[in-house]
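Below: target04.txt (compact mmCIF, C-alpha atoms)
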```txt
# COMPACT_ATOMS: atom_id res chain seq x y z
CA MET H 1 -161.03 21.77 96.24
CA ARG H 2 -162.68 19.81 99.01
CA ILE H 3 -166.47 19.39 98.89
CA LEU H 4 -168.90 17.87 101.38
CA HIS H 5 -172.01 16.32 99.81
CA THR H 6 -175.10 16.18 102.04
CA SER H 7 -178.82 16.10 101.35
CA ASP H 8 -182.32 15.46 102.69
CA TRP H 9 -182.12 17.28 105.99
CA HIS H 10 -185.95 17.27 106.19
CA ILE H 11 -185.99 19.94 108.86
CA GLY H 12 -189.29 19.68 110.74
CA ARG H 13 -190.01 16.02 110.06
CA SER H 14 -191.31 14.01 112.98
CA PHE H 15 -190.46 10.43 113.91
CA HIS H 16 -193.62 8.52 114.79
CA GLY H 17 -195.04 11.68 116.34
CA HIS H 18 -191.81 12.73 118.08
CA ALA H 19 -190.06 16.00 117.20
CA THR H 20 -186.59 15.66 115.69
CA LEU H 21 -185.36 19.27 115.69
CA ASP H 22 -183.07 18.89 118.71
CA ALA H 23 -181.54 15.65 117.41
CA LEU H 24 -181.00 17.13 113.95
CA HIS H 25 -179.48 20.27 115.44
CA GLY H 26 -176.86 18.17 117.23
CA VAL H 27 -176.06 16.13 114.13
CA LEU H 28 -175.63 19.24 111.98
CA GLU H 29 -173.34 20.73 114.62
CA THR H 30 -171.16 17.65 114.16
CA LEU H 31 -171.29 18.12 110.39
CA ALA H 32 -170.10 21.72 110.79
CA GLY H 33 -167.26 20.44 112.96
CA GLN H 34 -166.25 18.02 110.20
CA VAL H 35 -166.23 20.92 107.74
CA ARG H 36 -163.78 22.76 109.98
CA ASP H 37 -161.61 19.77 110.88
CA ARG H 38 -161.34 18.40 107.34
CA GLY H 39 -160.76 21.75 105.62
CA VAL H 40 -163.92 21.63 103.48
CA ASP H 41 -164.22 24.46 100.95
CA VAL H 42 -167.82 23.94 99.78
CA VAL H 43 -170.83 22.14 101.25
CA VAL H 44 -173.46 21.07 98.69
CA LEU H 45 -176.98 20.34 99.95
CA ALA H 46 -178.96 18.42 97.32
CA GLY H 47 -182.57 19.21 98.16
CA ASP H 48 -185.27 18.46 100.72
CA VAL H 49 -183.88 21.03 103.10
CA PHE H 50 -187.28 21.18 104.81
CA ASP H 51 -189.84 18.41 105.20
CA SER H 52 -192.73 20.69 104.33
CA ALA H 53 -193.47 23.46 101.86
CA THR H 54 -194.68 25.50 104.86
CA PRO H 55 -192.09 24.97 107.62
CA ALA H 56 -192.65 26.24 111.13
CA ALA H 57 -190.61 29.16 112.46
CA ALA H 58 -188.38 26.85 114.50
CA CYS H 59 -187.32 25.10 111.27
CA TYR H 60 -186.02 28.36 109.82
CA THR H 61 -184.10 28.99 113.02
CA LEU H 62 -182.43 25.58 112.82
CA LEU H 63 -181.50 26.14 109.15
CA THR H 64 -180.05 29.56 109.95
CA ASP H 65 -177.97 28.13 112.80
CA ALA H 66 -176.70 25.25 110.65
CA LEU H 67 -175.73 27.45 107.71
CA ALA H 68 -174.05 29.97 110.01
CA ALA H 69 -172.04 27.18 111.66
CA ILE H 70 -170.90 25.88 108.28
CA ARG H 71 -169.88 29.36 107.15
CA ASP H 72 -168.04 29.94 110.43
CA ALA H 73 -166.22 26.66 109.80
CA GLY H 74 -164.87 28.14 106.57
CA ALA H 75 -166.99 26.65 103.76
CA GLU H 76 -169.33 28.21 101.25
CA VAL H 77 -172.68 26.50 100.71
CA VAL H 78 -174.59 25.60 97.54
CA VAL H 79 -178.22 24.57 98.12
CA THR H 80 -180.99 23.45 95.80
CA SER H 81 -184.61 22.53 96.46
CA GLY H 82 -186.22 19.08 96.61
CA ASN H 83 -189.75 17.81 96.17
CA HIS H 84 -190.57 18.49 99.83
CA ASP H 85 -189.44 22.12 99.65
CA SER H 86 -191.25 25.19 98.47
CA ALA H 87 -188.82 26.55 95.88
CA ALA H 88 -190.20 30.08 96.36
CA ARG H 89 -189.81 30.05 100.14
CA LEU H 90 -186.41 28.38 100.11
CA GLY H 91 -185.19 30.78 97.43
CA PHE H 92 -186.40 33.88 99.25
CA GLN H 93 -183.59 36.48 99.37
CA ALA H 94 -181.25 34.17 97.45
CA PRO H 95 -179.25 37.10 95.96
CA PHE H 96 -178.73 38.52 99.45
CA LEU H 97 -177.66 35.14 100.87
CA ALA H 98 -175.16 34.68 98.03
CA ARG H 99 -173.30 37.74 99.31
CA ALA H 100 -172.83 35.81 102.56
CA GLY H 101 -171.50 32.71 100.79
CA VAL H 102 -174.78 30.73 100.82
CA HIS H 103 -175.89 30.11 97.23
CA VAL H 104 -179.51 28.95 96.97
CA ARG H 105 -180.60 27.70 93.55
CA THR H 106 -184.32 27.01 93.20
CA ASP H 107 -185.22 28.63 89.85
CA PRO H 108 -185.16 26.16 86.94
CA ARG H 109 -184.60 29.05 84.52
CA THR H 110 -181.12 29.57 85.98
CA LEU H 111 -180.01 25.94 86.36
CA ALA H 112 -177.38 26.43 83.64
CA ASP H 113 -176.03 29.54 85.38
CA PRO H 114 -173.57 28.01 87.83
CA VAL H 115 -172.12 29.19 91.10
CA THR H 116 -168.42 29.50 90.31
CA ILE H 117 -165.90 29.13 93.13
CA ASP H 118 -162.16 29.26 92.54
CA ASP H 119 -159.33 27.29 94.11
CA GLU H 120 -155.61 27.18 93.35
CA HIS H 121 -156.30 25.23 90.14
CA GLY H 122 -158.93 27.61 88.78
CA PRO H 123 -162.74 27.71 88.71
CA VAL H 124 -165.17 24.99 89.76
CA HIS H 125 -168.72 25.43 88.46
CA PHE H 126 -171.58 24.26 90.68
CA TYR H 127 -174.85 23.65 88.82
CA GLY H 128 -177.82 23.56 91.20
CA ILE H 129 -180.74 21.72 89.58
CA PRO H 130 -183.88 22.05 91.72
CA TYR H 131 -186.51 19.33 91.76
CA LEU H 132 -188.21 19.59 88.36
CA GLU H 133 -191.89 18.63 88.22
CA PRO H 134 -192.55 18.07 84.49
CA SER H 135 -196.05 19.57 84.51
CA ILE H 136 -194.78 22.75 86.17
CA VAL H 137 -191.59 23.37 84.18
CA ARG H 138 -192.98 22.31 80.79
CA PRO H 139 -194.05 25.88 79.86
CA LEU H 140 -190.45 27.07 80.35
CA TRP H 141 -189.28 24.88 77.46
CA PRO H 142 -192.32 24.57 75.15
CA ASP H 143 -190.30 23.03 72.32
CA GLU H 144 -189.23 20.07 74.45
CA THR H 145 -191.16 16.89 75.24
CA LEU H 146 -191.23 16.86 79.04
CA ARG H 147 -193.68 14.28 80.33
CA THR H 148 -191.43 12.39 82.74
CA GLN H 149 -188.66 13.04 85.22
CA ALA H 150 -186.25 11.25 82.88
CA GLN H 151 -187.07 13.59 80.00
CA THR H 152 -187.00 16.67 82.20
CA MET H 153 -183.69 15.83 83.88
CA SER H 154 -182.23 14.88 80.51
CA HIS H 155 -183.09 18.31 79.15
CA ALA H 156 -181.75 20.04 82.26
CA MET H 157 -178.45 18.19 82.03
CA SER H 158 -178.18 18.99 78.32
CA LEU H 159 -178.37 22.67 79.25
CA VAL H 160 -175.69 22.13 81.89
CA ARG H 161 -173.40 20.37 79.42
CA ALA H 162 -173.93 23.08 76.81
CA ASP H 163 -172.97 25.78 79.29
CA LEU H 164 -170.01 23.77 80.57
CA ALA H 165 -168.72 23.30 77.01
CA VAL H 166 -168.46 27.08 76.71
CA ARG H 167 -167.06 27.78 80.19
CA GLY H 168 -164.70 24.84 80.47
CA GLY H 169 -163.07 23.80 83.71
CA ARG H 170 -164.22 21.46 86.46
CA SER H 171 -167.84 21.10 87.55
CA VAL H 172 -170.23 19.66 90.11
CA ALA H 173 -173.97 19.16 89.58
CA LEU H 174 -176.61 18.93 92.33
CA ALA H 175 -179.93 17.27 91.55
CA HIS H 176 -182.93 15.85 93.40
CA CYS H 177 -184.48 12.86 91.66
CA PHE H 178 -184.90 9.08 91.57
CA ALA H 179 -181.99 7.61 89.63
CA ALA H 180 -181.90 4.17 88.01
CA GLY H 181 -180.35 1.43 90.11
CA ILE H 182 -181.72 2.61 93.45
CA GLU H 183 -184.44 1.06 95.60
CA PRO H 184 -186.47 3.46 97.78
CA THR H 185 -186.91 2.94 101.50
CA PRO H 186 -190.55 1.80 102.03
CA GLY H 187 -192.62 4.55 103.59
CA VAL H 188 -189.81 7.11 103.56
CA GLU H 189 -189.21 8.91 100.28
CA ARG H 190 -192.31 10.61 98.97
CA GLU H 191 -192.95 9.20 95.51
CA ILE H 192 -191.89 11.40 92.58
CA ARG H 193 -192.44 8.71 90.00
CA GLN H 194 -195.21 6.57 88.52
CA GLY H 195 -194.25 2.99 87.82
CA THR H 196 -190.85 3.20 86.14
CA LEU H 197 -191.62 6.20 83.92
CA ASP H 198 -189.82 8.71 86.12
CA VAL H 199 -186.65 6.78 86.87
CA VAL H 200 -183.73 8.82 85.54
CA PRO H 201 -181.07 6.78 83.68
CA LEU H 202 -177.54 7.07 84.98
CA SER H 203 -176.30 8.21 81.56
CA VAL H 204 -178.28 11.44 81.97
CA PHE H 205 -175.65 12.63 84.45
CA ASP H 206 -172.70 12.39 82.05
CA GLY H 207 -170.49 15.45 81.99
CA PRO H 208 -169.72 16.93 85.42
CA ASP H 209 -166.78 15.72 87.47
CA TYR H 210 -169.12 14.88 90.35
CA VAL H 211 -172.92 14.62 90.67
CA ALA H 212 -174.41 15.09 94.16
CA LEU H 213 -177.87 13.52 94.27
CA GLY H 214 -180.64 13.86 96.82
CA HIS H 215 -184.02 12.19 97.47
CA ILE H 216 -182.96 8.68 98.56
CA HIS H 217 -182.30 8.49 102.32
CA GLY H 218 -179.58 5.86 102.23
CA ARG H 219 -176.05 6.43 100.94
CA SER H 220 -175.42 4.93 97.54
CA GLU H 221 -172.69 4.89 94.92
CA LEU H 222 -174.16 4.69 91.41
CA SER H 223 -170.71 5.27 89.93
CA ALA H 224 -167.47 6.75 91.15
CA ARG H 225 -168.79 10.20 90.28
CA VAL H 226 -172.57 9.87 90.89
CA ARG H 227 -173.74 9.30 94.48
CA TYR H 228 -176.49 9.74 97.04
CA ALA H 229 -175.44 10.89 100.50
CA GLY H 230 -178.75 10.07 102.20
CA ALA H 231 -180.32 11.85 105.15
CA PRO H 232 -178.24 12.88 108.19
CA LEU H 233 -180.87 11.51 110.59
CA HIS H 234 -182.96 8.33 110.66
CA TYR H 235 -186.58 9.17 109.90
CA SER H 236 -188.00 5.64 109.65
CA PHE H 237 -187.37 2.13 110.97
CA GLY H 238 -186.89 1.20 107.33
CA GLU H 239 -183.63 3.19 107.48
CA GLN H 240 -182.33 1.71 110.72
CA HIS H 241 -179.51 -0.31 109.13
CA LYS H 242 -178.39 2.50 106.81
CA PRO H 243 -175.44 4.58 108.02
CA ARG H 244 -175.79 8.34 108.37
CA GLY H 245 -173.20 10.73 107.00
CA SER H 246 -171.96 12.56 103.92
CA TRP H 247 -169.46 12.20 101.09
CA LEU H 248 -166.16 14.07 101.26
CA VAL H 249 -165.17 14.80 97.64
CA ASP H 250 -161.75 15.99 96.50
CA LEU H 251 -161.15 17.68 93.14
CA ASP H 252 -157.64 18.24 91.84
CA ALA H 253 -156.52 20.11 88.73
CA ARG H 254 -157.81 17.34 86.43
CA GLY H 255 -161.16 16.62 88.13
CA LEU H 256 -162.33 14.00 90.61
CA ALA H 257 -159.42 12.88 92.78
CA GLY H 258 -161.13 10.89 95.54
CA VAL H 259 -164.27 10.34 97.60
CA GLU H 260 -164.47 9.37 101.27
CA TRP H 261 -167.45 8.61 103.52
CA LEU H 262 -167.73 10.67 106.70
CA GLY H 263 -170.07 9.13 109.25
CA LEU H 264 -172.38 11.12 111.51
CA PRO H 265 -173.52 10.16 115.02
CA VAL H 266 -176.92 8.54 115.58
CA PRO H 267 -178.52 10.38 118.52
CA ARG H 268 -180.68 7.41 119.47
CA PRO H 269 -180.27 4.00 117.77
CA LEU H 270 -183.23 2.33 116.08
CA VAL H 271 -184.05 -1.34 116.56
CA THR H 272 -186.84 -3.74 115.61
CA LEU H 273 -187.51 -6.38 118.27
CA THR H 274 -189.52 -9.48 117.41
CA ALA H 275 -190.73 -11.95 120.04
CA PRO H 276 -193.79 -12.89 122.11
CA ILE H 277 -194.81 -9.99 124.30
CA ASP H 278 -193.80 -11.70 127.56
CA GLU H 279 -190.28 -12.11 126.20
CA LEU H 280 -190.17 -8.49 125.06
CA LEU H 281 -191.18 -7.41 128.54
CA GLY H 282 -188.91 -9.71 130.52
CA ASP H 283 -186.08 -11.30 128.54
CA GLU H 284 -182.65 -9.94 129.48
CA ARG H 285 -181.39 -10.16 125.92
CA PHE H 286 -183.44 -7.03 125.13
CA ALA H 287 -182.03 -4.98 128.01
CA VAL H 288 -179.40 -3.38 125.78
CA HIS H 289 -182.19 -1.74 123.74
CA GLU H 290 -184.08 -0.13 126.62
CA ASP H 291 -182.88 3.37 125.61
CA SER H 292 -183.33 2.86 121.85
CA TRP H 293 -186.14 3.81 119.53
CA VAL H 294 -188.03 0.53 119.40
CA CYS H 295 -190.34 -1.00 116.83
CA ALA H 296 -191.88 -3.90 118.75
CA GLN H 297 -193.28 -6.80 116.76
CA TYR H 298 -195.00 -9.18 119.15
CA THR H 299 -195.67 -12.61 117.76
CA ASP H 300 -198.41 -13.87 120.09
CA THR H 301 -201.25 -15.63 118.33
CA ALA H 302 -203.91 -13.32 119.72
CA PRO H 303 -203.78 -9.50 119.88
CA GLN H 304 -202.76 -8.20 123.32
CA VAL H 305 -204.51 -5.63 125.47
CA ASP H 306 -202.80 -2.19 125.56
CA PRO H 307 -199.44 -3.44 124.27
CA MET H 308 -197.93 0.04 123.78
CA ARG H 309 -198.45 1.06 127.42
CA ARG H 310 -196.98 -2.21 128.65
CA LEU H 311 -193.97 -2.06 126.35
CA ARG H 312 -193.20 1.56 127.19
CA ALA H 313 -192.83 0.55 130.84
CA ARG H 314 -189.63 -1.18 129.72
CA PHE H 315 -188.83 0.70 126.51
CA PRO H 316 -189.70 4.39 127.13
CA HIS H 317 -188.91 5.19 123.49
CA CYS H 318 -191.06 2.48 121.96
CA ALA H 319 -192.36 4.28 118.86
CA THR H 320 -194.55 1.66 117.24
CA VAL H 321 -196.08 -1.73 118.02
CA VAL H 322 -197.00 -4.31 115.41
CA HIS H 323 -198.97 -7.50 115.97
CA ALA H 324 -197.04 -10.03 113.87
CA PRO H 325 -198.21 -13.56 114.72
CA ALA H 326 -196.01 -16.34 113.39
CA ILE H 327 -197.60 -18.10 110.43
CA VAL H 328 -197.13 -21.87 110.53
CA ALA H 329 -198.11 -24.35 107.90
CA GLU H 330 -200.83 -26.86 108.67
CA ASP H 331 -200.01 -30.54 108.72
CA SER H 332 -201.97 -30.92 105.52
CA GLY H 333 -199.71 -28.41 103.82
CA SER H 334 -202.70 -26.59 102.32
CA THR H 335 -202.34 -22.86 101.68
CA TYR H 336 -204.72 -20.15 102.82
CA ARG H 337 -205.91 -19.72 99.24
CA GLU H 338 -206.72 -23.41 99.02
CA ARG H 339 -208.59 -23.43 102.33
CA LEU H 340 -210.56 -20.36 101.30
CA ARG H 341 -211.39 -21.90 97.92
CA ASP H 342 -212.75 -25.02 99.61
CA ALA H 343 -214.89 -23.02 102.06
CA VAL H 344 -218.56 -23.05 101.05
CA SER H 345 -220.40 -21.10 103.73
CA ASP H 346 -219.60 -17.76 105.37
CA THR H 347 -218.88 -19.59 108.60
CA GLU H 348 -216.27 -21.76 106.89
CA ARG H 349 -214.66 -18.71 105.27
CA ILE H 350 -214.39 -16.95 108.63
CA ASP H 351 -213.00 -20.12 110.21
CA ALA H 352 -210.38 -20.35 107.46
CA PHE H 353 -209.37 -16.71 107.91
CA LEU H 354 -209.03 -16.88 111.69
CA ASP H 355 -207.19 -20.18 111.43
CA HIS H 356 -204.73 -18.54 109.05
CA VAL H 357 -204.00 -15.32 110.96
CA ARG H 358 -203.86 -17.11 114.32
CA ALA H 359 -201.35 -19.68 113.18
CA GLY H 360 -203.65 -22.67 113.36
CA GLU H 361 -206.02 -21.58 116.14
CA GLY H 362 -209.53 -21.03 114.82
CA PRO H 363 -212.39 -19.22 116.57
CA SER H 364 -213.23 -20.00 120.17
CA GLU H 365 -216.63 -21.38 121.15
CA ARG H 366 -217.75 -17.94 122.33
CA GLU H 367 -216.62 -16.41 119.03
CA ARG H 368 -218.52 -19.09 117.14
CA GLU H 369 -221.69 -18.19 119.08
CA LEU H 370 -221.26 -14.48 118.29
CA LEU H 371 -220.59 -15.20 114.63
CA ALA H 372 -223.69 -17.37 114.44
CA ASP H 373 -225.79 -14.54 115.93
CA VAL H 374 -224.38 -11.99 113.48
CA LEU H 375 -224.91 -14.23 110.49
CA ASP H 376 -228.46 -15.10 111.60
CA ASP H 377 -229.27 -11.37 111.95
CA ARG H 378 -227.92 -10.75 108.46
CA VAL H 379 -230.05 -13.55 107.00
CA ARG H 380 -233.16 -12.16 108.70
CA ALA H 381 -232.41 -8.65 107.42
CA GLU H 382 -231.99 -9.89 103.88
CA ALA H 383 -235.26 -11.81 104.12
CA LEU H 384 -237.12 -8.66 105.21
CA ALA H 385 -235.54 -6.44 102.55
```

Please go through the file and, once you have read it, give me the structure as structure tokens.
Amino acid sequence: MRILHTSDWHIGRSFHGHATLDALHGVLETLAGQVRDRGVDVVVLAGDVFDSATPAAACYTLLTDALAAIRDAGAEVVVTSGNHDSAARLGFQAPFLARAGVHVRTDPRTLADPVTIDDEHGPVHFYGIPYLEPSIVRPLWPDETLRTQAQTMSHAMSLVRADLAVRGGRSVALAHCFAAGIEPTPGVEREIRQGTLDVVPLSVFDGPDYVALGHIHGRSELSARVRYAGAPLHYSFGEQHKPRGSWLVDLDARGLAGVEWLGLPVPRPLVTLTAPIDELLGDERFAVHEDSWVCAQYTDTAPQVDPMRRLRARFPHCATVVHAPAIVAEDSGSTYRERLRDAVSDTERIDAFLDHVRAGEGPSERERELLADVLDDRVRAEALA
């Protein structure tokens, strides 16, 4: 059996205020083409189908089109919900959809009741484990201690293994969680953990022939049989160097036979450009990025006037601008903490701060005059209080 592992479609998510539905639609059309061309039997979608618990109507249309294209390409689909999804909304009419070859598993009470699909070697059991919030699912298993994701996923997988021991045969599990050994992308994955309490150990996933994980937006191989596919589209500049795609998984009569990465196109590349603003606006070395999504980090000492408007004249798809002045050490070698510690008056503290963030250039004479006026007004106000 040939399986395509994808996850984290996040239908409806914006990119720095820009809609992504059209770009995602094109990428998922390519994915459906890969299903057809590579003879995929089953597509597994490991959660975060939508970006919101209340998706707009256009998001449902995109999902319907994508699932229909995958079915037309010849594959059945197994879907489970992630922490961004509403399990109730995603699971609406699940029994009806199953008749059309789209198996949606969002009810934790049925996570040990697999979708069974046969090939020439016999049955393959697909266990769809939705995102399990401990405080919500705890009443379902009152005799279990379920305070963390690790405990909750451990219990869920024990139910899967118990069922698999009775059924026998090959199996695939889908889950949406934060597994040990993975670093999140800053500002991308919504936190489903506190500290390290909710990190799920890799050993929890023992048992199935393959475990298709979702939640982390970059591809990752935790073991030969436990992997993240990541998102099919870039949703943050923090993801810009992470490839987009899915895992093509082959099962033979004995179990896992091989795994291959299938890349997906990037509709518009992402790039972070760092330089003084005049260089960003005029240097020819940046010409190749004029049609990219751009995160511009200008390194001028002082903040610039209306930098976004100016940069978009050259980079129409400039999505964000960051003032990132270069920090240089003083000849004395003293650190900012040391300079601040030695400052006695408010004026000296302000001087030390401006000197630090402006890479050695303190306040101008005019700024010193304004600061003196403000501080004098504050002293007078305190005296009158």

Quiz item: Taking all atoms listed in the file into account, which of H:Asp41, H:Glu365, H:Asp51, H:Glu29 comes nearest Ile11 of chain H?
Solution: H:Asp51

Self-check item: Option closest in space to Ala46 of chain H, from H:Ala180, H:Leu354, H:Ala156, H:Ala231 [counting all atoms listed in the file]
Solution: H:Ala231

Quiz prompt | Selected residue, from H:His5, H:Arg314, H:His103, H:His84, that lies nearest to Leu262 of chain H when counting all atoms listed in the file | solution = H:His5

Quiz item: Which residue gives the smallest distance to Glu120 of chain H among H:Val42, H:Asp252, H:Ala98, H:Asn83, with all atoms listed in the file counted?
Solution: H:Asp252

Exercise. Work out how far atom CA of Thr152 of chain H is from atom CA of Val166 of chain H, in Å to one decimal.
Key: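 Going from atom CA of Val166 of chain H over to atom CA of Thr152 of chain H covers 22.0 Å.
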
Practice problem: Using all atoms listed in the file, determine which residues lie at most 8 Å from segment 123-134 of chain H, disregarding the query and same-chain residues fewer than 4 positions distant; provide the list as a VMD selection string. | Solution: chain H and resid 47 78 to 83 87 105 to 108 111 to 119 138 146 to 149 152 to 153 156 160 169 to 177

Self-check item: For atom CA of Ser203 of chain H and atom CA of Ser220 of chain H, the interatomic separation in Å (one decimal)
Solution: 16.3 Å
